Amino acid sequence: MQVMITPIPPPALLMRAEEGWPIDMLLQIGAQSINGLSNRKGGARSHAADPDFVRLLEALQRLQASGVLDLRVGTSKESKQEGTVMIISQKDLSPEIQADRELVRKLLGCGPTCRNSR
């Protein structure tokens, strides 16, 4: 069997979000999993999405809609690989958006090694 669809590199997918496309829709159709959280799968081996995958997409969509989510595509100086940096503003966040920010950090496994910038 020959595969006719080429995978979309994550930076290309997330660049669309930076252009204004809904991030939840892009990740729902373009990602099989994010940090171990599985998207739904159809076909003979179908399964529902991990509830935390859904929660992550919903929180990212609210952050994007509120204007505090910034995605930047760049190239690592060391590895020369292209990647995406996600920045969530910390200034003047409503309690609801602050909760979404913390949920995203938790679901993505951002512990003490994640950098906070103001």
# chains A, B, ... in the order shown; residues from 1 in each chain; ligands from 1
$ residues_around --residues "stretch 9-15 of chain A" --least-positions-apart "3" --cutoff "7 Å" --atoms "only C-alpha atoms" --output "VMD selection string"
chain A and resid 18 to 19 26 73 83 to 84
$ write_last_selection --atoms "N, CA, C and O atoms" --output "PDB file, in the first residue's frame"
ATOM      1  N   GLU A  18      -0.876  31.055  13.652  1.00  0.00           N
ATOM      2  CA  GLU A  18      -0.375  32.426  13.806  1.00  0.00           C
ATOM      3  C   GLU A  18      -0.999  33.342  12.762  1.00  0.00           C
ATOM      4  O   GLU A  18      -1.150  34.534  12.994  1.00  0.00           O
ATOM      5  N   GLU A  19      -1.397  32.789  11.629  1.00  0.00           N
ATOM      6  CA  GLU A  19      -2.072  33.559  10.580  1.00  0.00           C
ATOM      7  C   GLU A  19      -3.549  33.759  10.885  1.00  0.00           C
ATOM      8  O   GLU A  19      -4.250  34.428  10.132  1.00  0.00           O
ATOM      9  N   LEU A  26      -6.892  23.163  13.692  1.00  0.00           N
ATOM     10  CA  LEU A  26      -5.640  22.734  13.064  1.00  0.00           C
ATOM     11  C   LEU A  26      -5.048  21.522  13.774  1.00  0.00           C
ATOM     12  O   LEU A  26      -4.614  20.564  13.128  1.00  0.00           O
ATOM     13  N   VAL A  73       7.744  30.584  14.657  1.00  0.00           N
ATOM     14  CA  VAL A  73       8.530  29.524  14.051  1.00  0.00           C
ATOM     15  C   VAL A  73       9.953  30.046  13.907  1.00  0.00           C
ATOM     16  O   VAL A  73      10.171  31.160  13.442  1.00  0.00           O
ATOM     17  N   GLY A  83      11.530  24.781  14.495  1.00  0.00           N
ATOM     18  CA  GLY A  83      10.624  24.457  15.588  1.00  0.00           C
ATOM     19  C   GLY A  83       9.708  25.621  15.875  1.00  0.00           C
ATOM     20  O   GLY A  83       9.825  26.694  15.277  1.00  0.00           O
ATOM     21  N   THR A  84       8.778  25.401  16.779  1.00  0.00           N
ATOM     22  CA  THR A  84       7.805  26.418  17.140  1.00  0.00           C
ATOM     23  C   THR A  84       7.949  26.760  18.611  1.00  0.00           C
ATOM     24  O   THR A  84       8.083  25.872  19.453  1.00  0.00           O
TER      25      THR A  84
END
$ select_by_dssp --residues "chain A" --states "strand (DSSP E)" --output "PyMOL selection string"
chain A and resi 33-34+37-38+69-75+82-88
$ residues_around --residues "stretch 99-111 of chain A" --least-positions-apart "4" --cutoff "7 Å" --atoms "only C-alpha atoms" --output "PyMOL selection string"
chain A and resi 35+56+59+95
$ residues_around --residues "A:Leu37" --least-positions-apart "3" --cutoff "6 Å" --atoms "only C-alpha atoms" --output "list in words"
Ser33, Ile34, Asp50 and Phe53 of chain A
$ residues_around --residues "A:Met25" --least-positions-apart "4" --cutoff "12 Å" --atoms "only C-alpha atoms" --output "list in words"
Leu13, Leu14, Arg16, Ala17, Gly20, Trp21, Ile29, Gly30, Ala31, Asn39, Val54, Leu56, Leu57, Glu58, Leu60, Gln61 and Gln64 of chain A
